[in-house]
Amino acid sequence: MSNVSTDLIWLCTKNNSSFLLKRNGAQFTTEQGNPTNLSKSKFSGIANSKTVDIRGAGAEVVVTLKKPEEANKPKSSSQTKKLKAADPRKVAKTVNALVKDSYYRPDIAKAAVARIGKLGAASIRANRMANNKLGVRYGRGAEEFDFNRDIKKGTKQALGMEEDDDDVPDLAPGGTEDMD
């Protein structure tokens, strides 16, 4: 990337990229190094020499920073730091120290911390779904719904589904239907 301007790369990739998603007039991107997934030159992981990539990996959050001085060496061109996702505030503080306090990319520090919050909320929701403890309603007083429970008899009667009521006709004692 040392030979090509970041503006030129952005102009080439802003409308034509394999990472670009166009939905209902909005443009999103799935490229690595973009903390907001918005297709803007400020956040682009392809066009910028310094990027911050934040991914959730089970019980960890993986933060990857691109080293612009080693752009021609793909193996050592990024610095990866694995953080335990148990405490999102501690992870946010560490990411803020890596991005803003070290003057790496202070302009996208707020977006990086917001990405940590979204990953934490998504992992909590995934754990609740895995344990069948996802509330039907959201907010205070939400009841937990057990997806594996059977329908109660009263509910079947209210829906007009009697237990003995079948759509299958009864068979004659000989094993065949009466065909008169």
# chains A, B, ... in the order shown; residues from 1 in each chain; ligands from 1
$ residues_around --residues "stretch 115-125 of chain A" --least-positions-apart "6" --cutoff "8 Å" --atoms "only C-alpha atoms" --output "number ranges by chain"
A: 35-36, 54-56, 85, 88, 91-92, 134
$ write_last_selection --atoms "C-alpha atoms" --output "PDB file, in the first residue's frame"
ATOM      1  CA  PRO A  35     -15.888  -1.480  12.967  1.00  0.00           C
ATOM      2  CA  THR A  36     -19.233  -0.037  11.797  1.00  0.00           C
ATOM      3  CA  ILE A  54     -13.055  -6.464  16.334  1.00  0.00           C
ATOM      4  CA  ARG A  55     -14.529  -9.970  16.196  1.00  0.00           C
ATOM      5  CA  GLY A  56     -16.242 -12.184  18.735  1.00  0.00           C
ATOM      6  CA  ALA A  85     -15.260 -11.160  26.998  1.00  0.00           C
ATOM      7  CA  PRO A  88     -17.378  -5.804  28.525  1.00  0.00           C
ATOM      8  CA  VAL A  91     -12.645  -4.957  27.137  1.00  0.00           C
ATOM      9  CA  ALA A  92     -13.897  -1.491  26.128  1.00  0.00           C
ATOM     10  CA  LEU A 134     -35.128 -16.128  25.761  1.00  0.00           C
TER      11      LEU A 134
END
$ select_by_dssp --residues "stretch 1-121 of chain A" --states "alpha helix (DSSP H)" --output "NGL selection string"
:A and (6-13 or 88-96 or 109-121)
$ residues_around --residues "A:Leu65" --least-positions-apart "5" --cutoff "8 Å" --atoms "only C-alpha atoms" --output "PDB file with all heavy atoms, in the first residue's frame"
ATOM      1  N   GLY A  33     -11.674  -5.063   9.353  1.00  0.00           N
ATOM      2  CA  GLY A  33     -11.093  -3.779   9.688  1.00  0.00           C
ATOM      3  C   GLY A  33     -12.079  -2.633   9.661  1.00  0.00           C
ATOM      4  O   GLY A  33     -11.697  -1.478   9.790  1.00  0.00           O
ATOM      5  N   LYS A  50      -4.277   2.084   8.450  1.00  0.00           N
ATOM      6  CA  LYS A  50      -4.453   1.698   9.849  1.00  0.00           C
ATOM      7  C   LYS A  50      -5.914   1.327  10.062  1.00  0.00           C
ATOM      8  O   LYS A  50      -6.801   2.150   9.871  1.00  0.00           O
ATOM      9  CB  LYS A  50      -4.097   2.851  10.786  1.00  0.00           C
ATOM     10  CG  LYS A  50      -2.641   3.222  10.809  1.00  0.00           C
ATOM     11  CD  LYS A  50      -2.407   4.332  11.801  1.00  0.00           C
ATOM     12  CE  LYS A  50      -0.957   4.709  11.907  1.00  0.00           C
ATOM     13  NZ  LYS A  50      -0.745   5.771  12.905  1.00  0.00           N
ATOM     14  N   THR A  51      -6.162   0.092  10.460  1.00  0.00           N
ATOM     15  CA  THR A  51      -7.531  -0.368  10.676  1.00  0.00           C
ATOM     16  C   THR A  51      -7.642  -1.082  12.007  1.00  0.00           C
ATOM     17  O   THR A  51      -6.657  -1.587  12.547  1.00  0.00           O
ATOM     18  CB  THR A  51      -7.995  -1.330   9.563  1.00  0.00           C
ATOM     19  OG1 THR A  51      -7.154  -2.479   9.565  1.00  0.00           O
ATOM     20  CG2 THR A  51      -7.968  -0.665   8.211  1.00  0.00           C
ATOM     21  N   VAL A  52      -8.860  -1.135  12.513  1.00  0.00           N
ATOM     22  CA  VAL A  52      -9.166  -1.832  13.757  1.00  0.00           C
ATOM     23  C   VAL A  52     -10.258  -2.844  13.448  1.00  0.00           C
ATOM     24  O   VAL A  52     -11.347  -2.476  12.998  1.00  0.00           O
ATOM     25  CB  VAL A  52      -9.652  -0.847  14.841  1.00  0.00           C
ATOM     26  CG1 VAL A  52     -10.009  -1.591  16.109  1.00  0.00           C
ATOM     27  CG2 VAL A  52      -8.604   0.196  15.116  1.00  0.00           C
ATOM     28  N   ASP A  53      -9.980  -4.117  13.671  1.00  0.00           N
ATOM     29  CA  ASP A  53     -10.954  -5.179  13.432  1.00  0.00           C
ATOM     30  C   ASP A  53     -11.306  -5.818  14.762  1.00  0.00           C
ATOM     31  O   ASP A  53     -10.413  -6.234  15.503  1.00  0.00           O
ATOM     32  CB  ASP A  53     -10.380  -6.217  12.472  1.00  0.00           C
ATOM     33  CG  ASP A  53     -11.406  -7.271  12.102  1.00  0.00           C
ATOM     34  OD1 ASP A  53     -12.565  -6.905  11.882  1.00  0.00           O
ATOM     35  OD2 ASP A  53     -11.037  -8.456  12.028  1.00  0.00           O
ATOM     36  N   SER A  78      -0.182  -7.594  10.811  1.00  0.00           N
ATOM     37  CA  SER A  78      -1.237  -7.278  11.780  1.00  0.00           C
ATOM     38  C   SER A  78      -0.833  -7.718  13.179  1.00  0.00           C
ATOM     39  O   SER A  78      -0.080  -8.672  13.365  1.00  0.00           O
ATOM     40  CB  SER A  78      -2.544  -7.949  11.376  1.00  0.00           C
ATOM     41  OG  SER A  78      -2.394  -9.342  11.377  1.00  0.00           O
ATOM     42  N   GLN A  79      -1.371  -7.002  14.160  1.00  0.00           N
ATOM     43  CA  GLN A  79      -1.135  -7.306  15.571  1.00  0.00           C
ATOM     44  C   GLN A  79      -2.468  -7.752  16.157  1.00  0.00           C
ATOM     45  O   GLN A  79      -3.456  -7.023  16.079  1.00  0.00           O
ATOM     46  CB  GLN A  79      -0.632  -6.061  16.285  1.00  0.00           C
ATOM     47  CG  GLN A  79      -0.529  -6.197  17.782  1.00  0.00           C
ATOM     48  CD  GLN A  79      -0.244  -4.865  18.456  1.00  0.00           C
ATOM     49  OE1 GLN A  79      -0.137  -3.835  17.808  1.00  0.00           O
ATOM     50  NE2 GLN A  79      -0.142  -4.890  19.767  1.00  0.00           N
ATOM     51  N   THR A  80      -2.518  -8.936  16.707  1.00  0.00           N
ATOM     52  CA  THR A  80      -3.750  -9.496  17.252  1.00  0.00           C
ATOM     53  C   THR A  80      -3.666  -9.582  18.760  1.00  0.00           C
ATOM     54  O   THR A  80      -2.656 -10.022  19.310  1.00  0.00           O
ATOM     55  CB  THR A  80      -4.010 -10.895  16.659  1.00  0.00           C
ATOM     56  OG1 THR A  80      -4.050 -10.788  15.240  1.00  0.00           O
ATOM     57  CG2 THR A  80      -5.319 -11.463  17.156  1.00  0.00           C
TER      58      THR A  80
END
$ residues_around --residues "stretch 25-27 of chain A" --least-positions-apart "6" --cutoff "12 Å" --atoms "only C-alpha atoms" --output "PyMOL selection string"
chain A and resi 14-17+19+36-40
$ residues_around --residues "A:Leu83" --least-positions-apart "3" --cutoff "7 Å" --atoms "only C-alpha atoms" --output "list in words"
Glu60, Val61, Val62 and Val91 of chain A
$ write_last_selection --atoms "N, CA, C and O atoms" --output "PDB file, in the first residue's frame"
ATOM      1  N   GLU A  60     -14.185 -15.042  23.830  1.00  0.00           N
ATOM      2  CA  GLU A  60     -13.122 -14.058  23.654  1.00  0.00           C
ATOM      3  C   GLU A  60     -13.531 -13.007  22.639  1.00  0.00           C
ATOM      4  O   GLU A  60     -14.394 -13.231  21.800  1.00  0.00           O
ATOM      5  N   VAL A  61     -12.884 -11.864  22.735  1.00  0.00           N
ATOM      6  CA  VAL A  61     -12.990 -10.814  21.732  1.00  0.00           C
ATOM      7  C   VAL A  61     -11.602 -10.650  21.134  1.00  0.00           C
ATOM      8  O   VAL A  61     -10.626 -10.488  21.855  1.00  0.00           O
ATOM      9  N   VAL A  62     -11.517 -10.738  19.811  1.00  0.00           N
ATOM     10  CA  VAL A  62     -10.238 -10.645  19.125  1.00  0.00           C
ATOM     11  C   VAL A  62     -10.138  -9.265  18.482  1.00  0.00           C
ATOM     12  O   VAL A  62     -10.966  -8.893  17.664  1.00  0.00           O
ATOM     13  N   VAL A  91     -13.016  -4.819  28.546  1.00  0.00           N
ATOM     14  CA  VAL A  91     -12.645  -4.957  27.137  1.00  0.00           C
ATOM     15  C   VAL A  91     -12.704  -3.601  26.450  1.00  0.00           C
ATOM     16  O   VAL A  91     -11.809  -3.235  25.686  1.00  0.00           O
TER      17      VAL A  91
END
